[in-house]
file structure-v8.cif (mmCIF, C-alpha atoms)
data_target
#
loop_
_atom_site.label_atom_id
_atom_site.label_comp_id
_atom_site.auth_asym_id
_atom_site.auth_seq_id
_atom_site.Cartn_x
_atom_site.Cartn_y
_atom_site.Cartn_z
CA MET A 1 -15.75 -31.37 -20.68
CA LYS A 2 -12.16 -30.27 -21.34
CA PHE A 3 -13.39 -26.88 -22.59
CA THR A 4 -15.51 -26.37 -19.45
CA LEU A 5 -12.60 -27.27 -17.17
CA PHE A 6 -10.28 -24.98 -19.13
CA PHE A 7 -12.78 -22.12 -18.87
CA ILE A 8 -13.19 -22.59 -15.09
CA LEU A 9 -9.42 -22.64 -14.54
CA LEU A 10 -8.93 -19.58 -16.74
CA PHE A 11 -11.69 -17.71 -14.92
CA GLN A 12 -10.18 -18.57 -11.51
CA THR A 13 -6.73 -17.42 -12.66
CA ILE A 14 -8.12 -14.09 -13.86
CA LEU A 15 -10.11 -13.57 -10.66
CA VAL A 16 -7.14 -14.35 -8.42
CA SER A 17 -4.77 -12.06 -10.31
CA TYR A 18 -7.36 -9.26 -10.39
CA SER A 19 -8.12 -9.55 -6.68
CA GLU A 20 -4.41 -9.33 -5.90
CA ALA A 21 -4.04 -6.25 -8.08
CA GLN A 22 -6.67 -4.16 -6.29
CA ASP A 23 -7.84 -4.56 -2.73
CA LEU A 24 -11.22 -2.89 -3.15
CA VAL A 25 -12.36 -4.00 0.31
CA LYS A 26 -10.24 -1.24 1.84
CA GLU A 27 -11.66 1.42 -0.49
CA ARG A 28 -14.26 3.92 0.67
CA ILE A 29 -17.61 3.61 -1.12
CA ARG A 30 -19.37 6.84 -2.09
CA LYS A 31 -22.84 7.41 -3.47
CA LEU A 32 -22.86 9.95 -6.29
CA SER A 33 -24.84 13.16 -5.96
CA ASN A 34 -27.27 14.53 -8.55
CA ASN A 35 -25.50 17.91 -8.51
CA LYS A 36 -21.94 19.25 -8.42
CA THR A 37 -20.48 18.89 -4.94
CA SER A 38 -16.93 20.23 -5.51
CA VAL A 39 -15.75 17.31 -3.38
CA TYR A 40 -12.81 15.90 -5.31
CA ILE A 41 -11.65 12.36 -4.56
CA GLU A 42 -8.39 10.68 -5.51
CA LYS A 43 -9.33 7.07 -4.82
CA GLY A 44 -12.29 4.92 -4.00
CA ILE A 45 -15.42 3.24 -5.25
CA PHE A 46 -18.52 5.14 -6.32
CA HIS A 47 -22.06 4.31 -7.45
CA ASN A 48 -25.29 6.15 -8.10
CA GLY A 49 -27.67 3.69 -6.45
CA GLY A 50 -29.68 3.84 -9.65
CA VAL A 51 -32.48 1.54 -10.60
CA LYS A 52 -32.27 -0.92 -13.46
CA GLN A 53 -33.30 0.67 -16.72
CA GLU A 54 -32.15 0.23 -20.27
CA ALA A 55 -30.11 3.09 -21.71
CA VAL A 56 -27.92 3.90 -24.68
CA LEU A 57 -24.71 5.85 -24.24
CA LYS A 58 -25.15 8.21 -27.14
CA SER A 59 -22.21 10.64 -26.89
CA ILE A 60 -19.29 11.87 -24.86
CA ARG A 61 -18.10 15.46 -24.60
CA GLN A 62 -14.92 16.93 -23.18
CA SER A 63 -13.65 20.42 -22.35
CA TYR A 64 -10.93 22.12 -20.34
CA ASN A 65 -11.43 25.32 -18.35
CA PRO A 66 -8.03 26.92 -17.65
CA LYS A 67 -9.52 29.60 -15.34
CA LEU A 68 -11.04 26.99 -13.02
CA GLY A 69 -8.28 24.45 -13.68
CA PHE A 70 -10.43 21.41 -14.41
CA GLU A 71 -11.24 19.18 -17.33
CA ARG A 72 -14.86 18.08 -17.71
CA VAL A 73 -15.98 14.84 -19.33
CA VAL A 74 -19.74 14.54 -19.92
CA ILE A 75 -21.35 11.24 -20.88
CA ASP A 76 -24.79 11.61 -22.49
CA PHE A 77 -27.51 8.96 -22.37
CA ASN A 78 -30.75 8.64 -24.32
CA THR A 79 -32.87 8.50 -21.14
CA ASN A 80 -34.11 11.01 -18.58
CA ASN A 81 -32.39 9.20 -15.70
CA VAL A 82 -28.84 7.88 -15.51
CA PRO A 83 -28.59 4.08 -15.62
CA LYS A 84 -27.12 2.14 -12.75
CA ILE A 85 -23.41 3.04 -12.41
CA TYR A 86 -20.56 1.49 -10.45
CA GLY A 87 -16.98 2.75 -10.66
CA HIS A 88 -13.51 3.03 -9.18
CA ILE A 89 -10.91 5.79 -9.30
CA SER A 90 -7.24 5.31 -8.53
CA SER A 91 -5.22 8.50 -8.91
CA GLN A 92 -2.10 6.54 -7.96
CA ASP A 93 -2.62 4.23 -10.96
CA LYS A 94 -3.85 7.13 -13.13
CA MET A 95 -7.05 5.23 -14.00
CA LEU A 96 -10.79 5.71 -13.66
CA TYR A 97 -13.20 2.84 -14.37
CA VAL A 98 -16.97 3.04 -14.76
CA ASP A 99 -19.42 0.19 -15.38
CA PHE A 100 -22.83 1.00 -16.84
CA PHE A 101 -25.54 -1.59 -16.25
CA ASP A 102 -28.22 -2.28 -18.89
CA THR A 103 -26.40 0.13 -21.22
CA SER A 104 -25.17 -0.19 -24.77
CA LEU A 105 -23.20 2.11 -27.09
CA ALA A 106 -24.99 4.00 -29.82
CA LYS A 107 -24.12 2.72 -33.29
CA GLU A 108 -22.77 6.14 -34.34
CA PHE A 109 -20.84 6.66 -31.07
CA GLN A 110 -17.36 8.17 -31.35
CA THR A 111 -14.93 8.38 -28.46
CA ILE A 112 -12.84 11.44 -27.65
CA GLY A 113 -9.10 11.93 -27.69
CA SER A 114 -6.43 13.28 -25.44
CA LYS A 115 -7.00 16.56 -23.65
CA HIS A 116 -5.45 18.19 -20.57
CA PHE A 117 -5.75 15.35 -18.01
CA VAL A 118 -7.32 12.56 -20.08
CA GLU A 119 -4.93 10.50 -22.17
CA LYS A 120 -7.39 7.98 -23.57
CA ILE A 121 -10.92 6.65 -23.08
CA ASN A 122 -11.82 3.08 -23.97
CA PHE A 123 -15.21 1.37 -23.98
CA PHE A 124 -15.69 -2.36 -23.60
CA PRO A 125 -19.11 -3.93 -24.28
CA ILE A 126 -18.71 -6.86 -21.87
CA GLU A 127 -22.08 -8.52 -22.39
CA LYS A 128 -25.37 -7.55 -23.91
CA ASN A 129 -26.43 -4.35 -22.11
CA TYR A 130 -23.31 -4.19 -19.92
CA LEU A 131 -20.72 -1.56 -20.78
CA SER A 132 -17.40 -0.80 -19.14
CA MET A 133 -15.46 2.45 -19.60
CA GLU A 134 -11.78 2.96 -18.81
CA ILE A 135 -10.24 6.44 -18.61
CA LYS A 136 -6.45 6.51 -18.68
CA LEU A 137 -5.17 9.71 -17.10
CA LYS A 138 -1.96 11.59 -17.92
CA SER A 139 -1.15 12.36 -14.29
CA LYS A 140 -2.43 11.93 -10.75
CA VAL A 141 -5.68 13.85 -10.47
CA THR A 142 -8.72 14.15 -8.27
CA ALA A 143 -12.28 13.86 -9.53
CA ASP A 144 -15.69 15.30 -8.71
CA ILE A 145 -18.15 12.80 -10.17
CA PHE A 146 -21.89 13.48 -10.26
CA TYR A 147 -24.90 12.94 -12.48
CA LEU A 148 -27.66 15.11 -13.92
CA ASP A 149 -31.15 14.11 -15.05
CA ASN A 150 -33.50 15.28 -17.80
CA PRO A 151 -31.59 14.45 -20.00
CA ALA A 152 -29.37 11.90 -18.26
CA ARG A 153 -25.65 12.76 -18.02
CA LEU A 154 -22.69 11.54 -16.00
CA VAL A 155 -20.23 14.37 -15.33
CA ILE A 156 -16.59 13.86 -14.36
CA ASP A 157 -14.55 16.93 -13.40
CA LEU A 158 -10.81 16.29 -13.15
CA LYS A 159 -8.16 18.55 -11.59
CA ASN A 160 -4.71 18.41 -9.95
#
call {"tool": "encode", "arguments": {"input": "structure-v8.cif", "output": "structure tokens"}}
result
Amino acid sequence: MKFTLFFILLFQTILVSYSEAQDLVKERIRKLSNNKTSVYIEKGIFHNGGVKQEAVLKSIRQSYNPKLGFERVVIDFNTNNVPKIYGHISSQDKMLYVDFFDTSLAKEFQTIGSKHFVEKINFFPIEKNYLSMEIKLKSKVTADIFYLDNPARLVIDLKN
């Protein structure tokens, strides 16, 4: 009984502090496109409206194109369609968060390091088949986020 009460109080404390940290109600919600839009956003919530399907995040790639001035991060899945995605970008906080539903990390998965705009990428397996990704950015940037199918990829283009 004491453990249950402790857990409930801890959960409430975390929820209250998190809700005070970000007021997501005021954020614009965007549905991701299945092609490059060249519409760069600096803040807001995004999702792909995807259907539930099991997927494995098998690799992540990263490159910088100095001529076009953007850094591209590509997340590869083992499926033909991208799993359900929900995320938030805050250029002000220099963070980008993405949650992947019904998704797990491949056993041989290796994350990538620092590049032009990306400082660090962390993955957090929250529950079975629920994966959260956190991208810490070096500076305030804008992002064009879209997905591609056959094979499934989430693409994040970052620029100043």
call {"tool": "residues_near_point", "arguments": {"input": "structure-v8.cif", "point": "(-13.4, 23.0, -21.1)", "cutoff": "12 Å", "atoms": "all atoms listed in the file", "output": "PyMOL selection string"}}
result
chain A and resi 61-74+115-117+156-159
call {"tool": "write_last_selection", "arguments": {"input": "structure-v8.cif", "atoms": "C-alpha atoms", "output": "PDB file, in the frame of the given file"}}
result
ATOM      1  CA  ARG A  61     -18.100  15.460 -24.600  1.00  0.00           C
ATOM      2  CA  GLN A  62     -14.920  16.930 -23.180  1.00  0.00           C
ATOM      3  CA  SER A  63     -13.650  20.420 -22.350  1.00  0.00           C
ATOM      4  CA  TYR A  64     -10.930  22.120 -20.340  1.00  0.00           C
ATOM      5  CA  ASN A  65     -11.430  25.320 -18.350  1.00  0.00           C
ATOM      6  CA  PRO A  66      -8.030  26.920 -17.650  1.00  0.00           C
ATOM      7  CA  LYS A  67      -9.520  29.600 -15.340  1.00  0.00           C
ATOM      8  CA  LEU A  68     -11.040  26.990 -13.020  1.00  0.00           C
ATOM      9  CA  GLY A  69      -8.280  24.450 -13.680  1.00  0.00           C
ATOM     10  CA  PHE A  70     -10.430  21.410 -14.410  1.00  0.00           C
ATOM     11  CA  GLU A  71     -11.240  19.180 -17.330  1.00  0.00           C
ATOM     12  CA  ARG A  72     -14.860  18.080 -17.710  1.00  0.00           C
ATOM     13  CA  VAL A  73     -15.980  14.840 -19.330  1.00  0.00           C
ATOM     14  CA  VAL A  74     -19.740  14.540 -19.920  1.00  0.00           C
ATOM     15  CA  LYS A 115      -7.000  16.560 -23.650  1.00  0.00           C
ATOM     16  CA  HIS A 116      -5.450  18.190 -20.570  1.00  0.00           C
ATOM     17  CA  PHE A 117      -5.750  15.350 -18.010  1.00  0.00           C
ATOM     18  CA  ILE A 156     -16.590  13.860 -14.360  1.00  0.00           C
ATOM     19  CA  ASP A 157     -14.550  16.930 -13.400  1.00  0.00           C
ATOM     20  CA  LEU A 158     -10.810  16.290 -13.150  1.00  0.00           C
ATOM     21  CA  LYS A 159      -8.160  18.550 -11.590  1.00  0.00           C
TER      22      LYS A 159
END
call {"tool": "resolve_selection", "arguments": {"input": "structure-v8.cif", "expression": "the PyMOL selection byres ((chain A and resi 79-95) around 9)", "output": "PDB file with C-alpha atoms, in the frame of the given file"}}
result
ATOM      1  CA  LEU A  24     -11.220  -2.890  -3.150  1.00  0.00           C
ATOM      2  CA  ILE A  41     -11.650  12.360  -4.560  1.00  0.00           C
ATOM      3  CA  GLU A  42      -8.390  10.680  -5.510  1.00  0.00           C
ATOM      4  CA  LYS A  43      -9.330   7.070  -4.820  1.00  0.00           C
ATOM      5  CA  GLY A  44     -12.290   4.920  -4.000  1.00  0.00           C
ATOM      6  CA  ILE A  45     -15.420   3.240  -5.250  1.00  0.00           C
ATOM      7  CA  PHE A  46     -18.520   5.140  -6.320  1.00  0.00           C
ATOM      8  CA  HIS A  47     -22.060   4.310  -7.450  1.00  0.00           C
ATOM      9  CA  ASN A  48     -25.290   6.150  -8.100  1.00  0.00           C
ATOM     10  CA  GLY A  49     -27.670   3.690  -6.450  1.00  0.00           C
ATOM     11  CA  GLY A  50     -29.680   3.840  -9.650  1.00  0.00           C
ATOM     12  CA  VAL A  51     -32.480   1.540 -10.600  1.00  0.00           C
ATOM     13  CA  LYS A  52     -32.270  -0.920 -13.460  1.00  0.00           C
ATOM     14  CA  GLN A  53     -33.300   0.670 -16.720  1.00  0.00           C
ATOM     15  CA  GLU A  54     -32.150   0.230 -20.270  1.00  0.00           C
ATOM     16  CA  ALA A  55     -30.110   3.090 -21.710  1.00  0.00           C
ATOM     17  CA  VAL A  56     -27.920   3.900 -24.680  1.00  0.00           C
ATOM     18  CA  ASP A  76     -24.790  11.610 -22.490  1.00  0.00           C
ATOM     19  CA  PHE A  77     -27.510   8.960 -22.370  1.00  0.00           C
ATOM     20  CA  ASN A  78     -30.750   8.640 -24.320  1.00  0.00           C
ATOM     21  CA  LEU A  96     -10.790   5.710 -13.660  1.00  0.00           C
ATOM     22  CA  TYR A  97     -13.200   2.840 -14.370  1.00  0.00           C
ATOM     23  CA  VAL A  98     -16.970   3.040 -14.760  1.00  0.00           C
ATOM     24  CA  ASP A  99     -19.420   0.190 -15.380  1.00  0.00           C
ATOM     25  CA  PHE A 100     -22.830   1.000 -16.840  1.00  0.00           C
ATOM     26  CA  PHE A 101     -25.540  -1.590 -16.250  1.00  0.00           C
ATOM     27  CA  ASP A 102     -28.220  -2.280 -18.890  1.00  0.00           C
ATOM     28  CA  THR A 103     -26.400   0.130 -21.220  1.00  0.00           C
ATOM     29  CA  GLU A 134     -11.780   2.960 -18.810  1.00  0.00           C
ATOM     30  CA  ILE A 135     -10.240   6.440 -18.610  1.00  0.00           C
ATOM     31  CA  LYS A 136      -6.450   6.510 -18.680  1.00  0.00           C
ATOM     32  CA  LEU A 137      -5.170   9.710 -17.100  1.00  0.00           C
ATOM     33  CA  LYS A 138      -1.960  11.590 -17.920  1.00  0.00           C
ATOM     34  CA  SER A 139      -1.150  12.360 -14.290  1.00  0.00           C
ATOM     35  CA  LYS A 140      -2.430  11.930 -10.750  1.00  0.00           C
ATOM     36  CA  VAL A 141      -5.680  13.850 -10.470  1.00  0.00           C
ATOM     37  CA  THR A 142      -8.720  14.150  -8.270  1.00  0.00           C
ATOM     38  CA  ALA A 143     -12.280  13.860  -9.530  1.00  0.00           C
ATOM     39  CA  TYR A 147     -24.900  12.940 -12.480  1.00  0.00           C
ATOM     40  CA  LEU A 148     -27.660  15.110 -13.920  1.00  0.00           C
ATOM     41  CA  ASP A 149     -31.150  14.110 -15.050  1.00  0.00           C
ATOM     42  CA  ASN A 150     -33.500  15.280 -17.800  1.00  0.00           C
ATOM     43  CA  PRO A 151     -31.590  14.450 -20.000  1.00  0.00           C
ATOM     44  CA  ALA A 152     -29.370  11.900 -18.260  1.00  0.00           C
ATOM     45  CA  ARG A 153     -25.650  12.760 -18.020  1.00  0.00           C
ATOM     46  CA  LEU A 154     -22.690  11.540 -16.000  1.00  0.00           C
TER      47      LEU A 154
END
call {"tool": "axis_aligned_box", "arguments": {"input": "structure-v8.cif", "around": "stretch 84-96 of chain A", "padding_each_side": "5 Å", "output": "AutoDock Vina command-line options"}}
result
--center_x -14.6 --center_y 5.0 --center_z -11.0 --size_x 35.0 --size_y 17.0 --size_z 16.0
call {"tool": "atom_distance", "arguments": {"input": "structure-v8.cif", "atom1": "atom CA of A:Ser38", "atom2": "atom CA of A:Lys58"}}
result
26.1 Å
call {"tool": "atom_distance", "arguments": {"input": "structure-v8.cif", "atom1": "atom CA of A:Ile29", "atom2": "atom CA of A:Lys128"}}
result
26.5 Å
call {"tool": "atom_distance", "arguments": {"input": "structure-v8.cif", "atom1": "atom CA of A:Leu57", "atom2": "atom CA of A:Phe123"}}
result
10.5 Å
call {"tool": "resolve_selection", "arguments": {"input": "structure-v8.cif", "expression": "the PyMOL selection byres ((chain A and resi 35) around 7)", "output": "PyMOL selection string"}}
result
chain A and resi 33-34+36-37+146-148
call {"tool": "residues_near_point", "arguments": {"input": "structure-v8.cif", "point": "(-17.1, 1.4, -25.4)", "cutoff": "8 Å", "atoms": "all atoms listed in the file", "output": "list of chain:residue names"}}
result
A:Leu105, A:Thr111, A:Asn122, A:Phe123, A:Phe124, A:Pro125, A:Leu131, A:Ser132, A:Met133
